[in-house]
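Colleague: Supplied structure: entry_29.cif, mmCIF, C-alpha atoms and all ligand atoms; chains and numbers go by the auth columns.
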```cif
data_upload
loop_
_atom_site.group_PDB
_atom_site.id
_atom_site.type_symbol
_atom_site.label_atom_id
_atom_site.label_comp_id
_atom_site.label_asym_id
_atom_site.label_seq_id
_atom_site.Cartn_x
_atom_site.Cartn_y
_atom_site.Cartn_z
_atom_site.B_iso_or_equiv
_atom_site.auth_seq_id
_atom_site.auth_asym_id
ATOM 1 C CA MET A 1 44.964 45.449 10.101 0.00 26 A
ATOM 2 C CA LYS A 2 47.825 42.972 10.417 0.00 27 A
ATOM 3 C CA LEU A 3 51.046 44.909 10.299 0.00 28 A
ATOM 4 C CA ILE A 4 54.774 44.445 10.863 0.00 29 A
ATOM 5 C CA LEU A 5 56.987 47.394 11.814 0.00 30 A
ATOM 6 C CA LEU A 6 60.469 46.567 10.589 0.00 31 A
ATOM 7 C CA GLY A 7 63.653 48.508 11.226 0.00 32 A
ATOM 8 C CA PRO A 8 66.856 48.587 13.253 0.00 33 A
ATOM 9 C CA PRO A 9 66.915 49.147 17.006 0.00 34 A
ATOM 10 C CA GLY A 10 66.067 52.806 17.561 0.00 35 A
ATOM 11 C CA ALA A 11 64.218 53.279 14.255 0.00 36 A
ATOM 12 C CA GLY A 12 61.072 54.321 16.118 0.00 37 A
ATOM 13 C CA LYS A 13 59.043 51.101 15.884 0.00 38 A
ATOM 14 C CA GLY A 14 57.824 51.163 19.486 0.00 39 A
ATOM 15 C CA THR A 15 57.071 54.893 19.375 0.00 40 A
ATOM 16 C CA GLN A 16 55.013 54.537 16.209 0.00 41 A
ATOM 17 C CA ALA A 17 53.364 51.280 17.327 0.00 42 A
ATOM 18 C CA LYS A 18 51.997 52.909 20.477 0.00 43 A
ATOM 19 C CA MET A 19 50.432 55.702 18.398 0.00 44 A
ATOM 20 C CA LEU A 20 48.857 53.134 16.045 0.00 45 A
ATOM 21 C CA VAL A 21 47.498 51.146 19.009 0.00 46 A
ATOM 22 C CA GLU A 22 45.598 54.235 20.150 0.00 47 A
ATOM 23 C CA ARG A 23 44.273 54.970 16.698 0.00 48 A
ATOM 24 C CA PHE A 24 43.227 51.480 15.647 0.00 49 A
ATOM 25 C CA ALA A 25 42.630 49.792 19.033 0.00 50 A
ATOM 26 C CA ILE A 26 44.633 46.717 18.056 0.00 51 A
ATOM 27 C CA PRO A 27 47.457 45.287 20.194 0.00 52 A
ATOM 28 C CA GLN A 28 51.178 45.896 19.802 0.00 53 A
ATOM 29 C CA ILE A 29 53.118 42.649 20.023 0.00 54 A
ATOM 30 C CA ALA A 30 56.678 43.642 20.933 0.00 55 A
ATOM 31 C CA THR A 31 58.834 40.579 21.547 0.00 56 A
ATOM 32 C CA GLY A 32 61.463 42.745 23.298 0.00 57 A
ATOM 33 C CA ASP A 33 58.822 43.978 25.788 0.00 58 A
ATOM 34 C CA ILE A 34 57.567 40.425 26.378 0.00 59 A
ATOM 35 C CA LEU A 35 61.119 39.172 26.954 0.00 60 A
ATOM 36 C CA ARG A 36 61.988 42.074 29.296 0.00 61 A
ATOM 37 C CA GLY A 37 58.801 41.334 31.236 0.00 62 A
ATOM 38 C CA ALA A 38 59.896 37.706 31.606 0.00 63 A
ATOM 39 C CA VAL A 39 63.387 38.749 32.767 0.00 64 A
ATOM 40 C CA GLN A 40 61.819 41.101 35.311 0.00 65 A
ATOM 41 C CA ALA A 41 59.459 38.392 36.559 0.00 66 A
ATOM 42 C CA GLY A 42 62.317 35.880 36.803 0.00 67 A
ATOM 43 C CA THR A 43 60.474 33.208 34.811 0.00 68 A
ATOM 44 C CA SER A 44 62.307 30.365 33.052 0.00 69 A
ATOM 45 C CA LEU A 45 61.785 32.222 29.762 0.00 70 A
ATOM 46 C CA GLY A 46 63.432 35.270 31.305 0.00 71 A
ATOM 47 C CA LEU A 47 66.380 33.262 32.599 0.00 72 A
ATOM 48 C CA GLN A 48 66.808 31.709 29.174 0.00 73 A
ATOM 49 C CA ALA A 49 66.652 35.062 27.351 0.00 74 A
ATOM 50 C CA LYS A 50 68.652 37.359 29.646 0.00 75 A
ATOM 51 C CA GLY A 51 72.173 36.391 28.546 0.00 76 A
ATOM 52 C CA PHE A 52 71.368 36.889 24.879 0.00 77 A
ATOM 53 C CA MET A 53 69.697 40.241 25.524 0.00 78 A
ATOM 54 C CA ASP A 54 72.537 41.554 27.700 0.00 79 A
ATOM 55 C CA ALA A 55 75.003 40.581 24.977 0.00 80 A
ATOM 56 C CA GLY A 56 72.984 42.355 22.279 0.00 81 A
ATOM 57 C CA ALA A 57 72.413 39.012 20.544 0.00 82 A
ATOM 58 C CA LEU A 58 69.155 37.524 19.335 0.00 83 A
ATOM 59 C CA VAL A 59 67.219 35.129 21.543 0.00 84 A
ATOM 60 C CA PRO A 60 66.960 31.741 19.742 0.00 85 A
ATOM 61 C CA ASP A 61 64.334 31.556 17.015 0.00 86 A
ATOM 62 C CA GLU A 62 62.346 28.700 18.573 0.00 87 A
ATOM 63 C CA VAL A 63 61.866 30.697 21.778 0.00 88 A
ATOM 64 C CA VAL A 64 60.498 33.858 20.162 0.00 89 A
ATOM 65 C CA ILE A 65 58.518 31.941 17.545 0.00 90 A
ATOM 66 C CA GLY A 66 56.744 30.077 20.345 0.00 91 A
ATOM 67 C CA ILE A 67 55.913 33.346 22.128 0.00 92 A
ATOM 68 C CA VAL A 68 54.428 34.950 19.022 0.00 93 A
ATOM 69 C CA ARG A 69 52.559 31.825 17.937 0.00 94 A
ATOM 70 C CA GLU A 70 50.723 31.751 21.267 0.00 95 A
ATOM 71 C CA ARG A 71 50.171 35.489 21.414 0.00 96 A
ATOM 72 C CA LEU A 72 48.572 35.637 17.949 0.00 97 A
ATOM 73 C CA GLN A 73 45.909 33.196 19.042 0.00 98 A
ATOM 74 C CA GLU A 74 44.667 35.396 21.875 0.00 99 A
ATOM 75 C CA GLY A 75 41.274 37.026 21.462 0.00 100 A
ATOM 76 C CA ASP A 76 42.541 40.614 21.245 0.00 101 A
ATOM 77 C CA CYS A 77 44.486 39.814 18.057 0.00 102 A
ATOM 78 C CA GLN A 78 41.399 38.819 16.111 0.00 103 A
ATOM 79 C CA GLY A 79 40.825 42.380 14.877 0.00 104 A
ATOM 80 C CA GLY A 80 44.470 42.788 13.843 0.00 105 A
ATOM 81 C CA PHE A 81 47.866 43.404 15.443 0.00 106 A
ATOM 82 C CA ILE A 82 51.112 45.326 15.129 0.00 107 A
ATOM 83 C CA LEU A 83 54.267 43.234 15.321 0.00 108 A
ATOM 84 C CA ASP A 84 57.195 45.283 16.634 0.00 109 A
ATOM 85 C CA GLY A 85 60.640 43.655 16.754 0.00 110 A
ATOM 86 C CA PHE A 86 59.416 40.385 15.260 0.00 111 A
ATOM 87 C CA PRO A 87 60.314 38.804 12.884 0.00 112 A
ATOM 88 C CA ARG A 88 64.074 39.410 13.083 0.00 113 A
ATOM 89 C CA THR A 89 65.333 36.452 11.026 0.00 114 A
ATOM 90 C CA VAL A 90 64.196 34.702 7.864 0.00 115 A
ATOM 91 C CA ALA A 91 63.339 31.631 9.979 0.00 116 A
ATOM 92 C CA GLN A 92 61.043 33.797 12.133 0.00 117 A
ATOM 93 C CA ALA A 93 59.415 35.304 9.034 0.00 118 A
ATOM 94 C CA ASP A 94 58.794 31.833 7.585 0.00 119 A
ATOM 95 C CA ALA A 95 57.334 30.642 10.897 0.00 120 A
ATOM 96 C CA LEU A 96 55.073 33.701 11.077 0.00 121 A
ATOM 97 C CA GLN A 97 53.815 33.035 7.584 0.00 122 A
ATOM 98 C CA ALA A 98 53.079 29.389 8.496 0.00 123 A
ATOM 99 C CA THR A 99 51.336 30.362 11.749 0.00 124 A
ATOM 100 C CA LEU A 100 49.130 32.940 10.044 0.00 125 A
ATOM 101 C CA ALA A 101 48.314 30.539 7.190 0.00 126 A
ATOM 102 C CA GLY A 102 47.288 27.948 9.815 0.00 127 A
ATOM 103 C CA LEU A 103 44.922 30.537 11.291 0.00 128 A
ATOM 104 C CA GLY A 104 43.554 31.412 7.830 0.00 129 A
ATOM 105 C CA ARG A 105 45.053 34.890 8.019 0.00 130 A
ATOM 106 C CA GLN A 106 47.667 36.910 6.181 0.00 131 A
ATOM 107 C CA LEU A 107 49.702 40.071 6.664 0.00 132 A
ATOM 108 C CA ASP A 108 48.382 43.304 5.175 0.00 133 A
ATOM 109 C CA ARG A 109 51.551 45.398 5.195 0.00 134 A
ATOM 110 C CA VAL A 110 55.167 45.561 6.332 0.00 135 A
ATOM 111 C CA VAL A 111 56.412 49.074 7.087 0.00 136 A
ATOM 112 C CA SER A 112 60.180 49.444 7.123 0.00 137 A
ATOM 113 C CA LEU A 113 61.677 52.541 8.785 0.00 138 A
ATOM 114 C CA THR A 114 65.086 53.675 7.516 0.00 139 A
ATOM 115 C CA VAL A 115 67.349 55.697 9.854 0.00 140 A
ATOM 116 C CA ASP A 116 71.093 56.598 9.631 0.00 141 A
ATOM 117 C CA ALA A 117 73.409 54.562 11.876 0.00 142 A
ATOM 118 C CA GLU A 118 74.677 57.561 13.862 0.00 143 A
ATOM 119 C CA ALA A 119 71.149 58.816 14.470 0.00 144 A
ATOM 120 C CA LEU A 120 70.251 55.354 15.780 0.00 145 A
ATOM 121 C CA VAL A 121 73.084 55.496 18.313 0.00 146 A
ATOM 122 C CA GLN A 122 71.979 58.975 19.394 0.00 147 A
ATOM 123 C CA ARG A 123 68.369 57.856 19.740 0.00 148 A
ATOM 124 C CA LEU A 124 69.215 54.735 21.730 0.00 149 A
ATOM 125 C CA THR A 125 71.707 56.343 24.111 0.00 150 A
ATOM 126 C CA GLY A 126 69.078 59.008 24.926 0.00 151 A
ATOM 127 C CA ARG A 127 66.128 56.611 25.160 0.00 152 A
ATOM 128 C CA ARG A 128 64.252 56.375 28.431 0.00 153 A
ATOM 129 C CA THR A 129 61.526 53.807 28.981 0.00 154 A
ATOM 130 C CA CYS A 130 58.617 53.750 31.430 0.00 155 A
ATOM 131 C CA ARG A 131 58.727 50.911 33.955 0.00 156 A
ATOM 132 C CA GLY A 132 54.956 50.992 34.203 0.00 157 A
ATOM 133 C CA CYS A 133 53.590 50.990 30.635 0.00 158 A
ATOM 134 C CA GLY A 134 56.736 50.625 28.514 0.00 159 A
ATOM 135 C CA ARG A 135 56.272 53.927 26.681 0.00 160 A
ATOM 136 C CA GLY A 136 59.512 55.259 25.264 0.00 161 A
ATOM 137 C CA TYR A 137 60.874 58.795 25.536 0.00 162 A
ATOM 138 C CA HIS A 138 64.043 60.554 24.458 0.00 163 A
ATOM 139 C CA VAL A 139 65.936 62.980 26.655 0.00 164 A
ATOM 140 C CA THR A 140 66.185 65.473 23.773 0.00 165 A
ATOM 141 C CA PHE A 141 63.861 64.420 20.938 0.00 166 A
ATOM 142 C CA ASP A 142 60.793 63.376 22.941 0.00 167 A
ATOM 143 C CA PRO A 143 61.102 64.327 26.617 0.00 168 A
ATOM 144 C CA PRO A 144 58.207 63.700 29.000 0.00 169 A
ATOM 145 C CA ARG A 145 56.138 66.837 29.676 0.00 170 A
ATOM 146 C CA SER A 146 56.622 66.406 33.416 0.00 171 A
ATOM 147 C CA GLY A 147 60.401 66.164 33.016 0.00 172 A
ATOM 148 C CA GLU A 148 60.872 63.021 35.132 0.00 173 A
ATOM 149 C CA SER A 149 58.002 60.551 34.932 0.00 174 A
ATOM 150 C CA CYS A 150 55.771 58.980 32.287 0.00 175 A
ATOM 151 C CA ASP A 151 53.115 61.283 30.810 0.00 176 A
ATOM 152 C CA ALA A 152 50.790 58.336 30.219 0.00 177 A
ATOM 153 C CA CYS A 153 50.895 56.514 33.569 0.00 178 A
ATOM 154 C CA GLY A 154 53.178 58.485 35.900 0.00 179 A
ATOM 155 C CA GLY A 155 55.621 55.543 36.006 0.00 180 A
ATOM 156 C CA GLU A 156 59.335 55.848 36.650 0.00 181 A
ATOM 157 C CA LEU A 157 61.577 56.236 33.583 0.00 182 A
ATOM 158 C CA TYR A 158 64.721 54.116 33.288 0.00 183 A
ATOM 159 C CA GLN A 159 67.518 53.485 30.826 0.00 184 A
ATOM 160 C CA ARG A 160 67.558 49.967 29.389 0.00 185 A
ATOM 161 C CA ASP A 161 70.682 47.913 30.192 0.00 186 A
ATOM 162 C CA ASP A 162 71.219 47.209 26.476 0.00 187 A
ATOM 163 C CA ASP A 163 71.045 50.927 25.569 0.00 188 A
ATOM 164 C CA GLN A 164 74.762 51.384 26.356 0.00 189 A
ATOM 165 C CA GLU A 165 76.874 52.355 23.372 0.00 190 A
ATOM 166 C CA ALA A 166 78.943 49.127 23.091 0.00 191 A
ATOM 167 C CA THR A 167 75.816 46.943 23.207 0.00 192 A
ATOM 168 C CA ILE A 168 73.991 49.267 20.820 0.00 193 A
ATOM 169 C CA ARG A 169 76.749 48.827 18.220 0.00 194 A
ATOM 170 C CA ARG A 170 76.523 45.044 18.604 0.00 195 A
ATOM 171 C CA ARG A 171 72.742 45.150 18.179 0.00 196 A
ATOM 172 C CA LEU A 172 73.102 47.241 15.026 0.00 197 A
ATOM 173 C CA SER A 173 75.518 44.745 13.477 0.00 198 A
ATOM 174 C CA VAL A 174 73.190 41.859 14.425 0.00 199 A
ATOM 175 C CA TYR A 175 70.395 43.775 12.683 0.00 200 A
ATOM 176 C CA ALA A 176 72.479 44.225 9.520 0.00 201 A
ATOM 177 C CA ALA A 177 73.461 40.558 9.396 0.00 202 A
ATOM 178 C CA GLN A 178 70.260 38.834 10.458 0.00 203 A
ATOM 179 C CA THR A 179 67.271 41.166 10.083 0.00 204 A
ATOM 180 C CA GLU A 180 68.012 43.434 7.120 0.00 205 A
ATOM 181 C CA PRO A 181 67.484 40.534 4.652 0.00 206 A
ATOM 182 C CA LEU A 182 63.798 40.716 5.610 0.00 207 A
ATOM 183 C CA ILE A 183 63.492 43.964 3.645 0.00 208 A
ATOM 184 C CA ALA A 184 64.080 42.048 0.395 0.00 209 A
ATOM 185 C CA TYR A 185 61.954 39.159 1.710 0.00 210 A
ATOM 186 C CA TYR A 186 58.886 41.357 2.186 0.00 211 A
ATOM 187 C CA ARG A 187 59.554 43.436 -0.918 0.00 212 A
ATOM 188 C CA GLN A 188 59.420 40.227 -2.899 0.00 213 A
ATOM 189 C CA ALA A 189 56.157 39.321 -1.163 0.00 214 A
ATOM 190 C CA GLY A 190 54.710 42.661 -2.346 0.00 215 A
ATOM 191 C CA LEU A 191 54.016 43.800 1.224 0.00 216 A
ATOM 192 C CA LEU A 192 56.787 46.342 1.833 0.00 217 A
ATOM 193 C CA ALA A 193 56.434 50.088 2.346 0.00 218 A
ATOM 194 C CA GLU A 194 59.841 51.732 2.917 0.00 219 A
ATOM 195 C CA LEU A 195 59.625 55.011 4.810 0.00 220 A
ATOM 196 C CA ASP A 196 62.108 57.671 5.848 0.00 221 A
ATOM 197 C CA GLY A 197 62.386 57.254 9.608 0.00 222 A
ATOM 198 C CA MET A 198 64.677 60.294 9.931 0.00 223 A
ATOM 199 C CA GLN A 199 61.724 62.653 10.021 0.00 224 A
ATOM 200 C CA SER A 200 59.950 63.823 13.162 0.00 225 A
ATOM 201 C CA ILE A 201 57.725 61.420 15.119 0.00 226 A
ATOM 202 C CA PRO A 202 54.409 62.931 13.887 0.00 227 A
ATOM 203 C CA VAL A 203 55.596 63.101 10.264 0.00 228 A
ATOM 204 C CA VAL A 204 56.628 59.427 10.340 0.00 229 A
ATOM 205 C CA GLN A 205 53.206 58.583 11.782 0.00 230 A
ATOM 206 C CA GLU A 206 51.492 60.439 8.923 0.00 231 A
ATOM 207 C CA GLN A 207 53.596 58.535 6.405 0.00 232 A
ATOM 208 C CA ILE A 208 52.696 55.215 7.989 0.00 233 A
ATOM 209 C CA LEU A 209 48.997 56.072 7.870 0.00 234 A
ATOM 210 C CA SER A 210 49.303 56.986 4.170 0.00 235 A
ATOM 211 C CA ALA A 211 51.179 53.750 3.452 0.00 236 A
ATOM 212 C CA LEU A 212 48.438 51.753 5.177 0.00 237 A
ATOM 213 C CA GLN A 213 45.777 53.428 3.052 0.00 238 A
ATOM 214 C CA ALA A 214 47.788 52.856 -0.114 0.00 239 A
ATOM 215 C CA GLY A 215 48.120 49.175 0.812 0.00 240 A
HETATM 216 P P1 LIG B . 62.599 51.005 18.401 0.00 301 B
HETATM 217 O O1 LIG B . 61.318 50.505 19.045 0.00 301 B
HETATM 218 O O2 LIG B . 62.566 50.914 16.901 0.00 301 B
HETATM 219 O O3 LIG B . 63.831 50.383 18.989 0.00 301 B
HETATM 220 P P2 LIG B . 61.919 53.514 19.751 0.00 301 B
HETATM 221 O O4 LIG B . 60.522 53.755 19.260 0.00 301 B
HETATM 222 O O5 LIG B . 62.073 53.003 21.134 0.00 301 B
HETATM 223 O O6 LIG B . 62.706 52.545 18.704 0.00 301 B
HETATM 224 O O7 LIG B . 62.739 54.849 19.548 0.00 301 B
HETATM 225 C C1 LIG B . 64.102 54.944 19.961 0.00 301 B
HETATM 226 C C2 LIG B . 64.373 56.315 20.568 0.00 301 B
HETATM 227 O O8 LIG B . 64.284 57.310 19.546 0.00 301 B
HETATM 228 C C3 LIG B . 63.368 56.722 21.639 0.00 301 B
HETATM 229 O O9 LIG B . 64.087 57.416 22.629 0.00 301 B
HETATM 230 C C4 LIG B . 62.372 57.629 20.896 0.00 301 B
HETATM 231 O O10 LIG B . 61.850 58.618 21.769 0.00 301 B
HETATM 232 C C5 LIG B . 63.256 58.263 19.840 0.00 301 B
HETATM 233 N N1 LIG B . 62.558 58.478 18.556 0.00 301 B
HETATM 234 C C6 LIG B . 61.613 57.687 17.979 0.00 301 B
HETATM 235 N N2 LIG B . 61.229 58.195 16.789 0.00 301 B
HETATM 236 C C7 LIG B . 61.953 59.329 16.599 0.00 301 B
HETATM 237 C C8 LIG B . 62.010 60.318 15.560 0.00 301 B
HETATM 238 N N3 LIG B . 61.244 60.201 14.456 0.00 301 B
HETATM 239 N N4 LIG B . 62.873 61.342 15.707 0.00 301 B
HETATM 240 C C9 LIG B . 63.654 61.441 16.828 0.00 301 B
HETATM 241 N N5 LIG B . 63.654 60.559 17.838 0.00 301 B
HETATM 242 C C10 LIG B . 62.803 59.511 17.734 0.00 301 B
HETATM 243 P P1 LIG B . 63.975 45.264 21.373 0.00 302 B
HETATM 244 O O1 LIG B . 63.181 45.666 22.574 0.00 302 B
HETATM 245 O O2 LIG B . 63.117 44.964 20.178 0.00 302 B
HETATM 246 O O3 LIG B . 65.100 46.231 21.073 0.00 302 B
HETATM 247 O O4 LIG B . 64.661 43.871 21.755 0.00 302 B
HETATM 248 C C1 LIG B . 65.559 43.762 22.837 0.00 302 B
HETATM 249 C C2 LIG B . 66.277 42.419 22.776 0.00 302 B
HETATM 250 O O5 LIG B . 65.334 41.354 22.918 0.00 302 B
HETATM 251 C C3 LIG B . 67.008 42.111 21.463 0.00 302 B
HETATM 252 O O6 LIG B . 68.312 42.685 21.411 0.00 302 B
HETATM 253 C C4 LIG B . 67.050 40.578 21.502 0.00 302 B
HETATM 254 O O7 LIG B . 68.044 40.112 22.413 0.00 302 B
HETATM 255 C C5 LIG B . 65.688 40.238 22.098 0.00 302 B
HETATM 256 N N1 LIG B . 64.656 40.085 21.051 0.00 302 B
HETATM 257 C C6 LIG B . 63.539 40.863 20.879 0.00 302 B
HETATM 258 N N2 LIG B . 62.824 40.424 19.831 0.00 302 B
HETATM 259 C C7 LIG B . 63.501 39.365 19.312 0.00 302 B
HETATM 260 C C8 LIG B . 63.283 38.506 18.201 0.00 302 B
HETATM 261 N N3 LIG B . 62.224 38.654 17.399 0.00 302 B
HETATM 262 N N4 LIG B . 64.195 37.535 17.962 0.00 302 B
HETATM 263 C C9 LIG B . 65.263 37.359 18.772 0.00 302 B
HETATM 264 N N5 LIG B . 65.541 38.147 19.820 0.00 302 B
HETATM 265 C C10 LIG B . 64.660 39.145 20.101 0.00 302 B
#
```
Could you show the structure in this file as structure tokens?

Modeller:
Amino acid sequence: MKLILLGPPGAGKGTQAKMLVERFAIPQIATGDILRGAVQAGTSLGLQAKGFMDAGALVPDEVVIGIVRERLQEGDCQGGFILDGFPRTVAQADALQATLAGLGRQLDRVVSLTVDAEALVQRLTGRRTCRGCGRGYHVTFDPPRSGESCDACGGELYQRDDDQEATIRRRLSVYAAQTEPLIAYYRQAGLLAELDGMQSIPVVQEQILSALQAG
């Protein structure tokens, strides 16, 4: 299965992607995770990306397109993949289409999660992320069983620098201006399933699984 999870920051893409990874044993390709890893490692990619990320802006298209183009050619993507946080612009969507066509492949489905703006702010301000495996939690909506550390790997939980309210609001307006047009783009391509992301985590997962079967 070759799937895109589309939606604003905080819609639940990463949460749902990790559940789908377990079910289907295909990789999650989250450009935000890859970029944060590069920032952490202090690579030239990380140095290039950090300013944009801290400002809540998008990293330039050519940078993220290059990352995804290389990643899609790795062996573990041959059985399918889940793109999370990519594409975020029409240029990225066009480049993805060209890359997949070059590999003789095409997308199966694009799942778009819709969530109210105020709920997004609440989700993102309460988000905690594992330093070890990247799993996301929420202080109220999805707390770790142990209270403090990651249920999956025992890693330390931290709050992302860009999950501060002022940056969150900037990221949401960047989404509206640059990423939301992709909903119409993929609707027109006949690939879109629009789901209500306001429901609980397991209910959203069920809806995604139904949408994948319907596709
Ligand atoms: P995204 O990857 O789309 O930015 P996340 O999956 O990281 O979003 O989710 C953002 C925050 O909202 C996390 O703290 C997560 O635990 C929480 N969350 C995810 N899905 C739901 C949901 N359906 N209901 C309530 N909270 C959720
Ligand atoms: P995310 O983890 O998806 O919330 O992404 C965190 C940040 O990484 C974003 O605010 C952007 O600065 C950057 N980023 C992630 N994916 C992309 C992308 N596809 N295009 C441009 N910037 C991205």

Colleague: Can you tell me which residues surround Phe111 (chain A) at a distance of at most 8 Å, considering all atoms listed in the file, apart from same-chain residues fewer than 5 positions away, and format the answer as a PDB file with C-alpha atoms, keeping the file's coordinate frame?

Modeller:
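File out04.pdb, as written:
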```
ATOM      1  CA  ILE A  29      54.774  44.445  10.863  1.00  0.00           C
ATOM      2  CA  LEU A  31      60.469  46.567  10.589  1.00  0.00           C
ATOM      3  CA  ALA A  55      56.678  43.642  20.933  1.00  0.00           C
ATOM      4  CA  THR A  56      58.834  40.579  21.547  1.00  0.00           C
ATOM      5  CA  GLN A 117      61.043  33.797  12.133  1.00  0.00           C
TER       6      GLN A 117
END
```

Colleague: To one decimal place in Å, what is the distance between atom O6 of ligand LIG 301 (chain B) and CA of Thr40 (chain A)?

Modeller: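 The value is 6.1 Å.
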
Colleague: Hey, can you check how far CA of Asp167 (chain A) sits from CA of Val64 (chain A)?

Modeller: 26.6 Å

Colleague: Report as a ChimeraX atom specification all protein, DNA and RNA residues lying within 8 Å of Asp79 (chain A), evaluated on only C-alpha atoms, omitting residues in the same chain fewer than 3 positions from it.

Modeller: /A:75-76,82,186-187,192

Colleague: Restricting the calculation to all atoms listed in the file: of A:Val164, A:Leu182, A:Leu108, A:Val136, which residue gets closest to Tyr211 (chain A)?

Modeller: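 Ranked by minimum distance to Tyr211 (chain A), first place goes to A:Val136.
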
Colleague: All residues within 10 Å of ligand LIG 302 (chain B) are required, counting all atoms listed in the file; please report them as a short mmCIF file (atom, residue, chain, number, x, y, z; two decimals) with C-alpha atoms, keeping the file's coordinate frame.

Modeller:
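Once written, part24.cif looks like this:
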```cif
data_model
loop_
_atom_site.label_atom_id
_atom_site.label_comp_id
_atom_site.auth_asym_id
_atom_site.auth_seq_id
_atom_site.Cartn_x
_atom_site.Cartn_y
_atom_site.Cartn_z
CA GLY A 32 63.65 48.51 11.23
CA PRO A 33 66.86 48.59 13.25
CA PRO A 34 66.92 49.15 17.01
CA GLY A 35 66.07 52.81 17.56
CA ALA A 36 64.22 53.28 14.26
CA LYS A 38 59.04 51.10 15.88
CA GLY A 39 57.82 51.16 19.49
CA ILE A 54 53.12 42.65 20.02
CA ALA A 55 56.68 43.64 20.93
CA THR A 56 58.83 40.58 21.55
CA GLY A 57 61.46 42.74 23.30
CA ASP A 58 58.82 43.98 25.79
CA ILE A 59 57.57 40.42 26.38
CA LEU A 60 61.12 39.17 26.95
CA ARG A 61 61.99 42.07 29.30
CA ALA A 74 66.65 35.06 27.35
CA LYS A 75 68.65 37.36 29.65
CA GLY A 76 72.17 36.39 28.55
CA PHE A 77 71.37 36.89 24.88
CA MET A 78 69.70 40.24 25.52
CA ASP A 79 72.54 41.55 27.70
CA ALA A 80 75.00 40.58 24.98
CA GLY A 81 72.98 42.36 22.28
CA ALA A 82 72.41 39.01 20.54
CA LEU A 83 69.16 37.52 19.34
CA VAL A 84 67.22 35.13 21.54
CA PRO A 85 66.96 31.74 19.74
CA ASP A 86 64.33 31.56 17.02
CA GLU A 87 62.35 28.70 18.57
CA VAL A 88 61.87 30.70 21.78
CA VAL A 89 60.50 33.86 20.16
CA ILE A 90 58.52 31.94 17.55
CA ILE A 92 55.91 33.35 22.13
CA VAL A 93 54.43 34.95 19.02
CA LEU A 108 54.27 43.23 15.32
CA ASP A 109 57.20 45.28 16.63
CA GLY A 110 60.64 43.66 16.75
CA PHE A 111 59.42 40.38 15.26
CA PRO A 112 60.31 38.80 12.88
CA ARG A 113 64.07 39.41 13.08
CA THR A 114 65.33 36.45 11.03
CA ALA A 116 63.34 31.63 9.98
CA GLN A 117 61.04 33.80 12.13
CA ALA A 118 59.42 35.30 9.03
CA LEU A 149 69.22 54.74 21.73
CA ARG A 185 67.56 49.97 29.39
CA ASP A 186 70.68 47.91 30.19
CA ASP A 187 71.22 47.21 26.48
CA ASP A 188 71.04 50.93 25.57
CA THR A 192 75.82 46.94 23.21
CA ILE A 193 73.99 49.27 20.82
CA ARG A 195 76.52 45.04 18.60
CA ARG A 196 72.74 45.15 18.18
CA LEU A 197 73.10 47.24 15.03
CA VAL A 199 73.19 41.86 14.42
CA TYR A 200 70.40 43.78 12.68
CA GLN A 203 70.26 38.83 10.46
CA THR A 204 67.27 41.17 10.08
#
```

Colleague: Report, in Å to a single decimal, how far apart CA of Phe49 (chain A) and CA of Leu145 (chain A) are.

Modeller: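 Those two atoms sit 27.3 Å apart.
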
Colleague: With all atoms of ligand LIG 301 (chain B) from the file as input, state the centre and edge lengths in Å to one decimal of the axis-aligned box that has 4 Å extra on each side, as AutoDock Vina command-line options.

Modeller:
```
--center_x 62.4 --center_y 55.9 --center_z 18.5 --size_x 11.9 --size_y 19.1 --size_z 16.2
```

Colleague: Which residues fall under the PyMOL selection byres (((chain A and resi 239) around 12) and not hetatm) in this file, as a PyMOL selection string?

Modeller: chain A and resi 133-134+136+216-218+232-238+240

Colleague: Dump C-alpha atoms for the selected residues as a PDB file, in the frame of the given file?

Modeller:
```pdb
ATOM      1  CA  ASP A 133      48.382  43.304   5.175  1.00  0.00           C
ATOM      2  CA  ARG A 134      51.551  45.398   5.195  1.00  0.00           C
ATOM      3  CA  VAL A 136      56.412  49.074   7.087  1.00  0.00           C
ATOM      4  CA  LEU A 216      54.016  43.800   1.224  1.00  0.00           C
ATOM      5  CA  LEU A 217      56.787  46.342   1.833  1.00  0.00           C
ATOM      6  CA  ALA A 218      56.434  50.088   2.346  1.00  0.00           C
ATOM      7  CA  GLN A 232      53.596  58.535   6.405  1.00  0.00           C
ATOM      8  CA  ILE A 233      52.696  55.215   7.989  1.00  0.00           C
ATOM      9  CA  LEU A 234      48.997  56.072   7.870  1.00  0.00           C
ATOM     10  CA  SER A 235      49.303  56.986   4.170  1.00  0.00           C
ATOM     11  CA  ALA A 236      51.179  53.750   3.452  1.00  0.00           C
ATOM     12  CA  LEU A 237      48.438  51.753   5.177  1.00  0.00           C
ATOM     13  CA  GLN A 238      45.777  53.428   3.052  1.00  0.00           C
ATOM     14  CA  GLY A 240      48.120  49.175   0.812  1.00  0.00           C
TER      15      GLY A 240
END
```

Colleague: Which residues come within 10 Å of Gly104 (chain A), counting only C-alpha atoms, excluding same-chain residues fewer than 4 positions away, as a list in words?

Modeller: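 The filter keeps Met26, Lys27, Phe49, Ala50, Ile51, Pro52 and Gly100 of chain A.
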
Colleague: Within 6 Å of Gly222 (chain A), counting all atoms listed in the file, which residues show up once you throw out same-chain ones fewer than 2 positions away? Write them as a ChimeraX atom specification, please.

Modeller: /A:138-140,220,224

Colleague: Using only C-alpha atoms, pick whichever of A:Leu72, A:Ile107, A:Ala191, A:Val146 has the shortest atom-to-atom distance to Glu47 (chain A).

Modeller: A:Ile107

Colleague: Which residue, A:Asp221, A:Asp101, A:Glu181, A:Asp119, has the smallest gap to ligand LIG 301 (chain B) when you use all atoms listed in the file?

Modeller: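 Among A:Asp221, A:Asp101, A:Glu181, A:Asp119, it is A:Asp221 that comes nearest to ligand LIG 301 (chain B).
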